[in-house]
file target.tsv (TSV, C-alpha atoms)
chain	number	residue	atom	x	y	z
A	1297	MET	CA	0.00	0.00	0.00
A	1298	LEU	CA	1.22	3.49	-0.77
A	1299	ILE	CA	0.17	6.63	1.05
A	1300	SER	CA	-0.24	9.91	-0.79
A	1301	VAL	CA	2.38	12.04	0.92
A	1302	TYR	CA	4.29	11.96	-2.36
A	1303	ASP	CA	2.60	13.08	-5.55
A	1304	GLY	CA	5.42	13.72	-7.97
A	1305	PRO	CA	5.21	13.78	-11.77
A	1306	VAL	CA	6.01	10.73	-13.82
A	1307	ALA	CA	9.37	10.90	-15.58
A	1308	ARG	CA	9.08	11.52	-19.29
A	1309	SER	CA	10.12	8.83	-21.74
A	1310	SER	CA	13.61	8.68	-23.20
A	1311	THR	CA	12.51	9.85	-26.64
A	1312	THR	CA	13.82	13.22	-27.76
A	1313	SER	CA	11.05	14.66	-29.90
A	1314	ASP	CA	10.80	17.89	-27.88
A	1315	VAL	CA	12.67	20.14	-25.48
A	1316	PHE	CA	11.22	18.42	-22.41
A	1317	ASN	CA	12.45	14.99	-23.37
A	1318	ALA	CA	15.79	16.30	-24.60
A	1319	ILE	CA	16.66	17.78	-21.20
A	1320	ALA	CA	15.34	14.75	-19.30
A	1321	GLU	CA	18.80	13.21	-19.81
A	1322	ALA	CA	21.15	14.39	-17.05
A	1323	ARG	CA	24.26	14.51	-19.23
A	1324	ARG	CA	22.51	16.77	-21.72
A	1325	ARG	CA	21.68	19.14	-18.90
A	1326	ASP	CA	25.36	19.08	-17.94
A	1327	ILE	CA	26.25	20.11	-21.48
A	1328	LEU	CA	23.77	23.00	-21.34
A	1329	ASP	CA	25.26	24.06	-18.02
A	1330	THR	CA	28.78	24.20	-19.41
A	1331	LEU	CA	27.60	26.19	-22.45
A	1332	ILE	CA	26.18	28.92	-20.22
A	1333	ALA	CA	29.71	30.34	-20.05
A	1334	GLY	CA	29.82	30.74	-23.84
A	1335	GLU	CA	30.67	28.95	-27.07
A	1336	LYS	CA	32.74	25.80	-26.82
A	1337	ALA	CA	34.17	23.19	-29.11
A	1338	VAL	CA	33.44	19.52	-28.60
A	1339	GLY	CA	36.90	18.98	-27.17
A	1340	ALA	CA	36.38	21.63	-24.50
A	1341	ILE	CA	33.06	20.08	-23.49
A	1342	VAL	CA	34.73	16.66	-23.31
A	1343	SER	CA	37.37	18.13	-21.01
A	1344	ASP	CA	34.87	19.98	-18.82
A	1345	LEU	CA	32.60	16.97	-18.26
A	1346	SER	CA	35.06	14.06	-18.49
A	1347	MET	CA	32.85	12.41	-21.10
A	1348	SER	CA	33.94	10.57	-24.21
A	1349	GLN	CA	33.84	12.49	-27.48
A	1350	PRO	CA	31.27	10.10	-29.07
A	1351	GLN	CA	28.96	10.63	-26.08
A	1352	VAL	CA	29.27	14.41	-26.26
A	1353	SER	CA	28.68	14.40	-30.02
A	1354	LYS	CA	25.60	12.22	-29.65
A	1355	HIS	CA	24.08	14.48	-26.99
A	1356	LEU	CA	24.94	17.62	-28.96
A	1357	ARG	CA	23.15	16.19	-31.97
A	1358	VAL	CA	19.99	15.68	-29.91
A	1359	LEU	CA	20.21	19.16	-28.40
A	1360	SER	CA	20.75	20.63	-31.87
A	1361	GLU	CA	17.71	18.82	-33.28
A	1362	VAL	CA	15.41	20.52	-30.77
A	1363	GLY	CA	17.14	23.88	-31.15
A	1364	LEU	CA	18.66	24.09	-27.67
A	1365	VAL	CA	22.16	24.54	-29.09
A	1366	SER	CA	23.43	25.93	-32.38
A	1367	CYS	CA	26.71	25.34	-34.15
A	1368	ARG	CA	29.05	27.39	-36.31
A	1369	SER	CA	32.38	26.63	-37.92
A	1370	GLU	CA	35.57	28.48	-37.06
A	1371	GLY	CA	38.54	27.15	-38.95
A	1372	ARG	CA	38.80	23.44	-38.26
A	1373	HIS	CA	36.58	23.66	-35.19
A	1374	ARG	CA	32.82	23.56	-34.75
A	1375	LEU	CA	31.69	25.78	-31.91
A	1376	TYR	CA	28.47	25.11	-30.02
A	1377	ARG	CA	26.48	27.69	-28.12
A	1378	LEU	CA	23.36	27.69	-25.98
A	1379	GLU	CA	20.06	28.95	-27.42
A	1380	PRO	CA	18.25	29.92	-24.19
A	1381	ALA	CA	15.10	31.11	-25.96
A	1382	ARG	CA	14.27	27.49	-26.74
A	1383	LEU	CA	13.89	26.87	-23.00
A	1384	ARG	CA	10.83	29.14	-22.95
A	1385	PRO	CA	8.33	26.21	-23.21
A	1386	PHE	CA	9.97	24.59	-20.19
A	1387	HIS	CA	9.95	27.88	-18.29
A	1388	ASP	CA	6.26	28.43	-19.06
A	1389	TRP	CA	5.38	24.89	-18.02
A	1390	LEU	CA	7.34	25.16	-14.79
A	1391	ALA	CA	5.74	28.51	-13.96
A	1392	LYS	CA	2.37	26.81	-13.42
A	1393	TYR	CA	3.86	24.68	-10.66
A	1394	GLU	CA	5.67	27.65	-9.17
A	1395	ARG	CA	2.33	29.46	-8.88
A	1396	ALA	CA	0.70	26.42	-7.31
A	1397	TRP	CA	3.58	26.08	-4.86
A	1398	ASN	CA	3.37	29.75	-3.86
A	1399	ASP	CA	-0.38	29.47	-3.40
A	1400	ARG	CA	0.09	26.42	-1.22
A	1401	LEU	CA	2.60	28.20	0.98
A	1402	ASP	CA	0.22	31.13	1.38
A	1403	ARG	CA	-2.67	28.88	2.39
A	1404	MET	CA	-0.66	26.99	4.96
A	1405	GLY	CA	1.34	29.96	6.17
A	1406	ASP	CA	-0.70	30.56	9.33
A	1407	TYR	CA	1.04	27.79	11.22
A	1408	LEU	CA	3.63	26.29	8.87
A	1409	ASN	CA	5.53	29.46	7.96
A	1410	GLU	CA	8.34	28.52	10.31
A	1411	LEU	CA	9.57	24.95	10.69
A	1412	GLN	CA	11.26	25.54	14.01
A	1413	GLN	CA	10.49	27.66	17.02
A	1414	GLN	CA	12.96	30.42	17.81
A	1415	ASN	CA	15.84	29.25	20.05
A	1416	THR	CA	14.21	25.91	20.94
A	1417	GLY	CA	14.80	23.76	17.87
A	1418	ARG	CA	11.37	22.19	18.32
A	1419	VAL	CA	9.39	21.60	15.14
A	1420	LEU	CA	6.16	23.57	14.99
A	1421	VAL	CA	3.09	21.43	14.41
A	1422	PRO	CA	-0.53	22.52	14.16
A	1423	THR	CA	-2.56	22.30	17.34
A	1424	ARG	CA	-5.64	20.12	17.55
A	1425	ALA	CA	-7.86	23.19	17.18
A	1426	GLU	CA	-5.91	24.34	14.11
A	1427	ILE	CA	-6.19	20.90	12.53
A	1428	LEU	CA	-9.95	20.84	13.11
A	1429	ASP	CA	-10.36	24.34	11.67
A	1430	THR	CA	-8.17	23.50	8.67
A	1431	LEU	CA	-10.04	20.29	7.87
A	1432	ALA	CA	-13.43	21.96	8.27
A	1433	ALA	CA	-12.48	24.80	5.92
A	1434	SER	CA	-11.02	22.33	3.44
A	1435	GLN	CA	-14.15	20.17	3.47
A	1436	THR	CA	-16.27	23.21	2.68
A	1437	GLN	CA	-13.88	24.20	-0.11
A	1438	VAL	CA	-13.93	20.72	-1.66
A	1439	MET	CA	-17.70	20.29	-1.55
A	1440	THR	CA	-18.40	23.82	-2.80
A	1441	PHE	CA	-15.96	23.45	-5.68
A	1442	PHE	CA	-16.97	20.05	-7.03
A	1443	GLN	CA	-20.71	20.47	-6.45
A	1444	GLY	CA	-20.51	23.87	-8.15
A	1445	LEU	CA	-19.16	22.46	-11.41
A	1446	SER	CA	-21.49	21.91	-14.32
A	1447	PRO	CA	-22.12	18.33	-15.50
A	1448	GLU	CA	-20.04	19.13	-18.58
A	1449	ASP	CA	-17.07	20.39	-16.54
A	1450	LEU	CA	-17.23	17.36	-14.25
A	1451	GLU	CA	-16.93	15.01	-17.23
A	1452	ARG	CA	-14.50	16.99	-19.35
A	1453	PRO	CA	-10.84	15.81	-19.39
A	1454	ALA	CA	-8.98	18.17	-17.08
A	1455	THR	CA	-5.46	17.01	-16.27
A	1456	ALA	CA	-3.07	14.48	-17.74
A	1457	SER	CA	-2.63	11.18	-15.95
A	1458	ASP	CA	0.85	10.53	-14.60
A	1459	VAL	CA	0.68	7.01	-16.05
A	1460	PRO	CA	1.92	6.99	-19.65
A	1461	GLY	CA	-0.91	6.15	-22.04
A	1462	ALA	CA	-3.70	6.44	-19.47
A	1463	ALA	CA	-6.73	8.62	-20.11
A	1464	PRO	CA	-6.72	12.17	-18.70
A	1465	TRP	CA	-8.37	12.73	-15.34
A	1466	ARG	CA	-11.76	14.41	-15.30
A	1467	ALA	CA	-12.61	16.87	-12.53
A	1468	ARG	CA	-14.71	14.19	-10.81
A	1469	ASP	CA	-11.70	11.84	-10.83
A	1470	HIS	CA	-9.86	14.27	-8.57
A	1471	LEU	CA	-12.64	14.01	-5.99
A	1472	ALA	CA	-12.42	10.21	-6.09
A	1473	HIS	CA	-8.65	10.45	-5.61
A	1474	LEU	CA	-8.96	12.74	-2.58
A	1475	ALA	CA	-11.09	10.20	-0.72
A	1476	LYS	CA	-8.80	7.25	-1.54
A	1477	SER	CA	-5.70	9.25	-0.65
A	1478	GLU	CA	-7.16	10.21	2.72
A	1479	ARG	CA	-8.01	6.57	3.44
A	1480	ARG	CA	-4.35	5.68	2.99
A	1481	ILE	CA	-3.27	8.40	5.39
A	1482	GLN	CA	-5.80	7.06	7.90
A	1483	HIS	CA	-4.30	3.60	7.55
A	1484	LEU	CA	-0.80	4.88	8.22
A	1485	LEU	CA	-1.89	6.98	11.21
A	1486	GLY	CA	-3.93	4.11	12.61
A	1487	ARG	CA	-0.97	1.74	12.44
A	1488	ALA	CA	1.24	4.34	14.09
A	1489	LEU	CA	-1.33	4.80	16.86
A	1490	ALA	CA	-1.30	1.04	17.39
A	1491	GLY	CA	2.45	1.18	18.05
A	1492	GLU	CA	3.79	-0.13	14.74
A	1493	GLY	CA	7.57	0.21	14.45
A	1494	ARG	CA	9.42	2.57	12.14
A	1495	ASP	CA	10.54	-0.03	9.61
A	1496	ALA	CA	7.06	-1.55	9.37
A	1497	LEU	CA	5.48	1.89	8.88
A	1498	LEU	CA	7.89	2.69	6.08
A	1499	ARG	CA	7.41	-0.61	4.28
A	1500	LEU	CA	3.67	-0.13	4.54
A	1501	GLN	CA	3.95	2.89	2.26
A	1502	TYR	CA	5.43	1.15	-0.79
A	1503	PRO	CA	3.27	-0.76	-3.29
A	1504	GLU	CA	3.25	-4.52	-2.99
A	1505	GLY	CA	5.83	-6.06	-5.28
A	1506	MET	CA	7.82	-2.87	-5.76
A	1507	PRO	CA	11.59	-3.31	-5.21
A	1508	MET	CA	12.48	-1.46	-2.02
A	1509	PRO	CA	14.95	1.44	-2.21
A	1510	ALA	CA	18.27	0.94	-0.47
A	1511	VAL	CA	17.36	3.76	1.93
A	1512	LEU	CA	13.78	4.06	3.19
A	1513	GLY	CA	12.21	7.30	4.34
A	1514	ASP	CA	14.66	9.72	2.70
A	1515	LEU	CA	13.66	10.97	-0.73
A	1516	SER	CA	16.99	12.74	-1.25
A	1517	ALA	CA	18.87	9.46	-0.84
A	1518	LEU	CA	17.14	7.73	-3.76
A	1519	THR	CA	19.03	6.98	-6.94
A	1520	GLN	CA	17.51	8.22	-10.19
A	1521	GLU	CA	16.29	4.70	-10.96
A	1522	GLU	CA	14.73	4.32	-7.50
A	1523	MET	CA	13.03	7.70	-7.84
A	1524	GLU	CA	11.59	6.79	-11.23
A	1525	ARG	CA	10.25	3.51	-9.84
A	1526	LEU	CA	8.65	5.27	-6.89
A	1527	VAL	CA	7.10	8.00	-9.02
A	1528	LEU	CA	5.61	5.52	-11.47
A	1529	ALA	CA	4.36	3.29	-8.63
A	1530	VAL	CA	2.57	6.26	-7.04
A	1531	ALA	CA	1.04	7.15	-10.38
A	1532	ARG	CA	-0.21	3.62	-10.99
A	1533	VAL	CA	-1.80	3.35	-7.57
A	1534	ASN	CA	-3.54	6.69	-8.04
A	1535	GLN	CA	-4.69	5.71	-11.52
A	1536	ALA	CA	-6.09	2.40	-10.25
A	1537	ASP	CA	-8.12	4.32	-7.65
A	1538	VAL	CA	-9.57	6.59	-10.31
A	1539	ASP	CA	-10.36	3.68	-12.62
A	1540	GLU	CA	-12.17	1.89	-9.78
A	1541	HIS	CA	-14.58	4.81	-9.34
A	1542	HIS	CA	-14.79	5.88	-12.97
A	1543	ASP	CA	-18.55	5.36	-13.24
A	1544	ASP	CA	-19.54	6.62	-9.77
A	1545	SER	CA	-21.98	9.52	-9.70
A	1546	LEU	CA	-21.05	12.85	-8.14
A	1547	GLU	CA	-23.45	12.06	-5.30
A	1548	THR	CA	-21.65	8.78	-4.61
A	1549	LEU	CA	-18.22	10.39	-4.76
A	1550	ALA	CA	-19.29	13.23	-2.46
A	1551	ALA	CA	-20.81	10.82	0.05
A	1552	ASP	CA	-17.62	8.74	0.04
A	1553	TYR	CA	-15.50	11.84	0.59
A	1554	LEU	CA	-17.66	13.02	3.51
A	1555	ALA	CA	-17.64	9.56	5.11
A	1556	THR	CA	-13.88	9.45	4.75
A	1557	ARG	CA	-13.50	12.84	6.38
A	1558	GLU	CA	-15.74	11.75	9.27
A	1559	ASP	CA	-13.45	8.77	9.85
A	1560	THR	CA	-10.44	11.08	9.77
A	1561	LEU	CA	-11.96	13.23	12.50
A	1562	ASP	CA	-12.79	10.16	14.58
A	1563	LEU	CA	-9.16	9.04	14.27
A	1564	LEU	CA	-7.89	12.51	15.17
A	1565	HIS	CA	-9.81	12.41	18.46
A	1566	GLN	CA	-7.99	9.18	19.38
A	1567	PHE	CA	-4.61	10.94	19.30
A	1568	THR	CA	-3.28	12.74	22.35
A	1569	ASP	CA	-1.58	16.10	21.88
A	1570	ASP	CA	1.81	14.44	22.38
A	1571	GLN	CA	0.98	11.83	19.76
A	1572	LEU	CA	-0.01	14.56	17.29
A	1573	ALA	CA	3.40	16.17	17.80
A	1574	ALA	CA	5.26	12.86	17.41
A	1575	ARG	CA	7.28	12.37	14.23
A	1576	LEU	CA	6.25	9.57	11.89
A	1577	PRO	CA	8.36	8.13	9.08
A	1578	THR	CA	7.08	8.65	5.53
A	1579	VAL	CA	8.56	7.99	2.11
A	1580	VAL	CA	9.58	11.66	1.84
A	1581	GLY	CA	10.97	12.03	5.37
A	1582	ASP	CA	9.72	12.24	8.95
A	1583	GLN	CA	6.58	14.30	9.51
A	1584	ALA	CA	4.53	15.12	12.59
A	1585	ALA	CA	1.30	13.15	12.86
A	1586	GLY	CA	-0.59	16.43	13.21
A	1587	GLY	CA	0.95	17.64	9.97
A	1588	LEU	CA	-0.29	14.53	8.18
A	1589	PHE	CA	-3.82	15.20	9.40
A	1590	ALA	CA	-3.71	18.87	8.39
A	1591	GLY	CA	-1.98	18.02	5.13
A	1592	ARG	CA	-5.23	16.69	3.70
A	1593	ALA	CA	-6.30	20.31	3.24
A	1594	GLU	CA	-3.12	21.17	1.38
A	1595	HIS	CA	-3.49	18.13	-0.85
A	1596	ALA	CA	-7.10	19.00	-1.70
A	1597	ALA	CA	-6.21	22.61	-2.49
A	1598	GLU	CA	-3.53	21.47	-4.93
A	1599	HIS	CA	-6.00	19.30	-6.83
A	1600	ILE	CA	-8.62	22.02	-6.93
A	1601	THR	CA	-6.04	24.45	-8.29
A	1602	SER	CA	-5.00	22.05	-11.04
A	1603	VAL	CA	-8.62	21.53	-12.11
A	1604	GLU	CA	-9.36	25.27	-12.01
A	1605	GLU	CA	-6.37	26.02	-14.23
A	1606	ALA	CA	-7.39	23.32	-16.70
A	1607	LEU	CA	-10.95	24.64	-16.92
A	1608	ARG	CA	-9.76	28.24	-17.36
A	1609	GLN	CA	-7.58	27.20	-20.28
A	1610	ARG	CA	-10.65	25.80	-22.03
A	1611	VAL	CA	-12.74	28.96	-21.68

call {"tool": "encode", "arguments": {"input": "target.tsv", "output": "structure tokens"}}
result
Amino acid sequence: MLISVYDGPVARSSTTSDVFNAIAEARRRDILDTLIAGEKAVGAIVSDLSMSQPQVSKHLRVLSEVGLVSCRSEGRHRLYRLEPARLRPFHDWLAKYERAWNDRLDRMGDYLNELQQQNTGRVLVPTRAEILDTLAASQTQVMTFFQGLSPEDLERPATASDVPGAAPWRARDHLAHLAKSERRIQHLLGRALAGEGRDALLRLQYPEGMPMPAVLGDLSALTQEEMERLVLAVARVNQADVDEHHDDSLETLAADYLATREDTLDLLHQFTDDQLAARLPTVVGDQAAGGLFAGRAEHAAEHITSVEEALRQRV
């Protein structure tokens, strides 16, 4: 089972038909980095990056095909230079996530704007009252948003699935996902409340059959291959949830969401204040139990934002 504390994008395929795929390869990004300083011949790039000349030439050919670098001859040498304007599509795409990230920080800033208290080193966590207020406001936001959409907007493809080849998510699919995601958080918190050990809690969060990373509970310690496996596993679990509820009516999805939230509140009342402040291991690092409860609001706001942006683009 996999909890939804990590919702990263699926890595793009290794094809090089556009700028996005071209820069997905780390060594090509290294070449772009070295060209920031100015024009360079292949030999200079080979020296800078300690790569073989055939490798450099192959990557330069790909970068040239998508217009990220250009080439000119000077005597016997061919000089390559960066064409930064071709990165505009990537910049524009990334800007959407920057806006969403800034919005998220603003929404959660009341009690998460500082990670540590001054001079104490203690991590700030939301109080029980703050968690209850946050979840209540989020529930109202979710129900108002989804129930306020027209039947056409509920059914219209809104966002791309993170599983390659899968159908886009409709607005209603995001509501189904929110309920399933919250159920997984409940499961983790319930096992922690029952006294489950750290290793067991971490292993609980990875899909069955997925090869375990060498280091559990530290996203920064993952190799690129381990990260790609984790990202795709998350995407597949989320897609399976959406597929399971594909034909559910809005009334059914809303009722499931409200029942899920009621169970979350029941579980919250079983935690003492000390238990809410206790750190729990997750796939992305240790987090306070109270933060996991309150994080449902943040997660919901992100999904609402993504649907809103998709619908605005279609107006």

call {"tool": "closest_residue", "arguments": {"input": "target.tsv", "among": "A:Leu1328, A:Leu1588, A:Met1347, A:Leu1561", "to": "A:Ala1573", "atoms": "all atoms listed in the file"}}
result
A:Leu1588

call {"tool": "closest_residue", "arguments": {"input": "target.tsv", "among": "A:Ala1467, A:Ile1427, A:Leu1572, A:Ala1381", "to": "A:Leu1489", "atoms": "all atoms listed in the file"}}
result
A:Leu1572

call {"tool": "atom_distance", "arguments": {"input": "target.tsv", "atom1": "atom CA of A:Phe1386", "atom2": "atom CA of A:Asp1326"}}
result
16.5 Å

call {"tool": "residues_around", "arguments": {"input": "target.tsv", "residues": "A:Pro1380", "least_positions_apart": "6", "cutoff": "9 Å", "atoms": "all atoms listed in the file", "output": "PyMOL selection string"}}
result
chain A and resi 1332+1364-1365

call {"tool": "closest_residue", "arguments": {"input": "target.tsv", "among": "A:Glu1492, A:Asp1559, A:Glu1598, A:Asp1469", "to": "A:Gln1535", "atoms": "only C-alpha atoms"}}
result
A:Asp1469

call {"tool": "atom_distance", "arguments": {"input": "target.tsv", "atom1": "atom CA of A:Ile1327", "atom2": "atom CA of A:Glu1522"}}
result
24.0 Å

call {"tool": "atom_distance", "arguments": {"input": "target.tsv", "atom1": "atom CA of A:Ile1600", "atom2": "atom CA of A:Ala1433"}}
result
13.7 Å

call {"tool": "residues_around", "arguments": {"input": "target.tsv", "residues": "A:Arg1325", "least_positions_apart": "4", "cutoff": "12 Å", "atoms": "all atoms listed in the file", "output": "PyMOL selection string"}}
result
chain A and resi 1315-1321+1329-1332+1345+1352+1355-1356+1358-1359+1364-1365+1378+1383

call {"tool": "residues_around", "arguments": {"input": "target.tsv", "residues": "A:Ser1434", "least_positions_apart": "2", "cutoff": "10 Å", "atoms": "all atoms listed in the file", "output": "number ranges by chain"}}
result
A: 1428-1432, 1436-1440, 1590, 1592-1597

call {"tool": "residues_around", "arguments": {"input": "target.tsv", "residues": "A:Gly1581", "least_positions_apart": "5", "cutoff": "9 Å", "atoms": "all atoms listed in the file", "output": "list of chain:residue names"}}
result
A:Leu1512, A:Gly1513, A:Asp1514, A:Leu1515, A:Ser1516, A:Leu1576

call {"tool": "closest_residue", "arguments": {"input": "target.tsv", "among": "A:Thr1423, A:Gln1349, A:Gln1443, A:Thr1455", "to": "A:Leu1607", "atoms": "all atoms listed in the file"}}
result
A:Thr1455

call {"tool": "residues_around", "arguments": {"input": "target.tsv", "residues": "A:Gln1583", "least_positions_apart": "5", "cutoff": "10 Å", "atoms": "only C-alpha atoms", "output": "PyMOL selection string"}}
result
chain A and resi 1301+1419+1421+1573-1578+1588

call {"tool": "closest_residue", "arguments": {"input": "target.tsv", "among": "A:Ala1585, A:Ala1322, A:Val1459, A:His1473", "to": "A:Gln1520", "atoms": "all atoms listed in the file"}}
result
A:Ala1322

call {"tool": "axis_aligned_box", "arguments": {"input": "target.tsv", "around": "stretch 1550-1555 of chain A", "padding_each_side": "3 Å", "output": "JSON"}}
result
{"center_x": -18.2, "center_y": 11.0, "center_z": 1.3, "size_x": 11.3, "size_y": 10.5, "size_z": 13.6}

call {"tool": "closest_residue", "arguments": {"input": "target.tsv", "among": "A:Ala1550, A:Ala1425, A:Ala1606, A:Val1580", "to": "A:Leu1564", "atoms": "all atoms listed in the file"}}
result
A:Ala1425

call {"tool": "build_atoms", "arguments": {"input": "target.tsv", "residues": "stretch 1549-1572 of chain A", "atoms": "N, CA and C atoms", "output": "PDB file, in the coordinates of the input"}}
result
ATOM      1  N   LEU A1549     -19.572   9.933  -5.068  1.00  0.00           N
ATOM      2  CA  LEU A1549     -18.220  10.390  -4.760  1.00  0.00           C
ATOM      3  C   LEU A1549     -18.224  11.366  -3.587  1.00  0.00           C
ATOM      4  N   ALA A1550     -19.203  12.263  -3.556  1.00  0.00           N
ATOM      5  CA  ALA A1550     -19.290  13.230  -2.460  1.00  0.00           C
ATOM      6  C   ALA A1550     -19.581  12.538  -1.141  1.00  0.00           C
ATOM      7  N   ALA A1551     -20.483  11.557  -1.169  1.00  0.00           N
ATOM      8  CA  ALA A1551     -20.810  10.820   0.050  1.00  0.00           C
ATOM      9  C   ALA A1551     -19.599  10.057   0.566  1.00  0.00           C
ATOM     10  N   ASP A1552     -18.825   9.476  -0.348  1.00  0.00           N
ATOM     11  CA  ASP A1552     -17.620   8.740   0.040  1.00  0.00           C
ATOM     12  C   ASP A1552     -16.597   9.688   0.653  1.00  0.00           C
ATOM     13  N   TYR A1553     -16.445  10.857   0.056  1.00  0.00           N
ATOM     14  CA  TYR A1553     -15.500  11.840   0.590  1.00  0.00           C
ATOM     15  C   TYR A1553     -15.907  12.280   1.997  1.00  0.00           C
ATOM     16  N   LEU A1554     -17.196  12.565   2.195  1.00  0.00           N
ATOM     17  CA  LEU A1554     -17.660  13.020   3.510  1.00  0.00           C
ATOM     18  C   LEU A1554     -17.527  11.926   4.557  1.00  0.00           C
ATOM     19  N   ALA A1555     -17.804  10.676   4.175  1.00  0.00           N
ATOM     20  CA  ALA A1555     -17.640   9.560   5.110  1.00  0.00           C
ATOM     21  C   ALA A1555     -16.176   9.379   5.478  1.00  0.00           C
ATOM     22  N   THR A1556     -15.320   9.546   4.494  1.00  0.00           N
ATOM     23  CA  THR A1556     -13.880   9.450   4.750  1.00  0.00           C
ATOM     24  C   THR A1556     -13.428  10.530   5.711  1.00  0.00           C
ATOM     25  N   ARG A1557     -13.883  11.741   5.507  1.00  0.00           N
ATOM     26  CA  ARG A1557     -13.500  12.840   6.380  1.00  0.00           C
ATOM     27  C   ARG A1557     -14.007  12.607   7.802  1.00  0.00           C
ATOM     28  N   GLU A1558     -15.205  12.056   7.931  1.00  0.00           N
ATOM     29  CA  GLU A1558     -15.740  11.750   9.270  1.00  0.00           C
ATOM     30  C   GLU A1558     -14.841  10.754   9.981  1.00  0.00           C
ATOM     31  N   ASP A1559     -14.364   9.755   9.262  1.00  0.00           N
ATOM     32  CA  ASP A1559     -13.450   8.770   9.850  1.00  0.00           C
ATOM     33  C   ASP A1559     -12.116   9.413  10.227  1.00  0.00           C
ATOM     34  N   THR A1560     -11.674  10.371   9.436  1.00  0.00           N
ATOM     35  CA  THR A1560     -10.440  11.080   9.770  1.00  0.00           C
ATOM     36  C   THR A1560     -10.590  11.837  11.083  1.00  0.00           C
ATOM     37  N   LEU A1561     -11.722  12.493  11.262  1.00  0.00           N
ATOM     38  CA  LEU A1561     -11.960  13.230  12.500  1.00  0.00           C
ATOM     39  C   LEU A1561     -12.070  12.293  13.693  1.00  0.00           C
ATOM     40  N   ASP A1562     -12.708  11.149  13.502  1.00  0.00           N
ATOM     41  CA  ASP A1562     -12.790  10.160  14.580  1.00  0.00           C
ATOM     42  C   ASP A1562     -11.389   9.702  14.987  1.00  0.00           C
ATOM     43  N   LEU A1563     -10.535   9.474  13.992  1.00  0.00           N
ATOM     44  CA  LEU A1563      -9.160   9.040  14.270  1.00  0.00           C
ATOM     45  C   LEU A1563      -8.382  10.144  14.973  1.00  0.00           C
ATOM     46  N   LEU A1564      -8.581  11.376  14.550  1.00  0.00           N
ATOM     47  CA  LEU A1564      -7.890  12.510  15.170  1.00  0.00           C
ATOM     48  C   LEU A1564      -8.186  12.571  16.662  1.00  0.00           C
ATOM     49  N   HIS A1565      -9.425  12.325  17.050  1.00  0.00           N
ATOM     50  CA  HIS A1565      -9.810  12.410  18.460  1.00  0.00           C
ATOM     51  C   HIS A1565      -9.178  11.298  19.298  1.00  0.00           C
ATOM     52  N   GLN A1566      -8.661  10.262  18.655  1.00  0.00           N
ATOM     53  CA  GLN A1566      -7.990   9.180  19.380  1.00  0.00           C
ATOM     54  C   GLN A1566      -6.541   9.512  19.707  1.00  0.00           C
ATOM     55  N   PHE A1567      -5.996  10.533  19.068  1.00  0.00           N
ATOM     56  CA  PHE A1567      -4.610  10.940  19.300  1.00  0.00           C
ATOM     57  C   PHE A1567      -4.537  11.929  20.457  1.00  0.00           C
ATOM     58  N   THR A1568      -3.565  11.732  21.337  1.00  0.00           N
ATOM     59  CA  THR A1568      -3.280  12.740  22.350  1.00  0.00           C
ATOM     60  C   THR A1568      -2.494  13.879  21.701  1.00  0.00           C
ATOM     61  N   ASP A1569      -2.358  14.984  22.420  1.00  0.00           N
ATOM     62  CA  ASP A1569      -1.580  16.100  21.880  1.00  0.00           C
ATOM     63  C   ASP A1569      -0.127  15.692  21.645  1.00  0.00           C
ATOM     64  N   ASP A1570       0.426  14.900  22.560  1.00  0.00           N
ATOM     65  CA  ASP A1570       1.810  14.440  22.380  1.00  0.00           C
ATOM     66  C   ASP A1570       1.931  13.546  21.157  1.00  0.00           C
ATOM     67  N   GLN A1571       0.939  12.714  20.926  1.00  0.00           N
ATOM     68  CA  GLN A1571       0.980  11.830  19.760  1.00  0.00           C
ATOM     69  C   GLN A1571       0.850  12.620  18.459  1.00  0.00           C
ATOM     70  N   LEU A1572       0.096  13.715  18.485  1.00  0.00           N
ATOM     71  CA  LEU A1572      -0.010  14.560  17.290  1.00  0.00           C
ATOM     72  C   LEU A1572       1.317  15.237  16.974  1.00  0.00           C
TER      73      LEU A1572
END
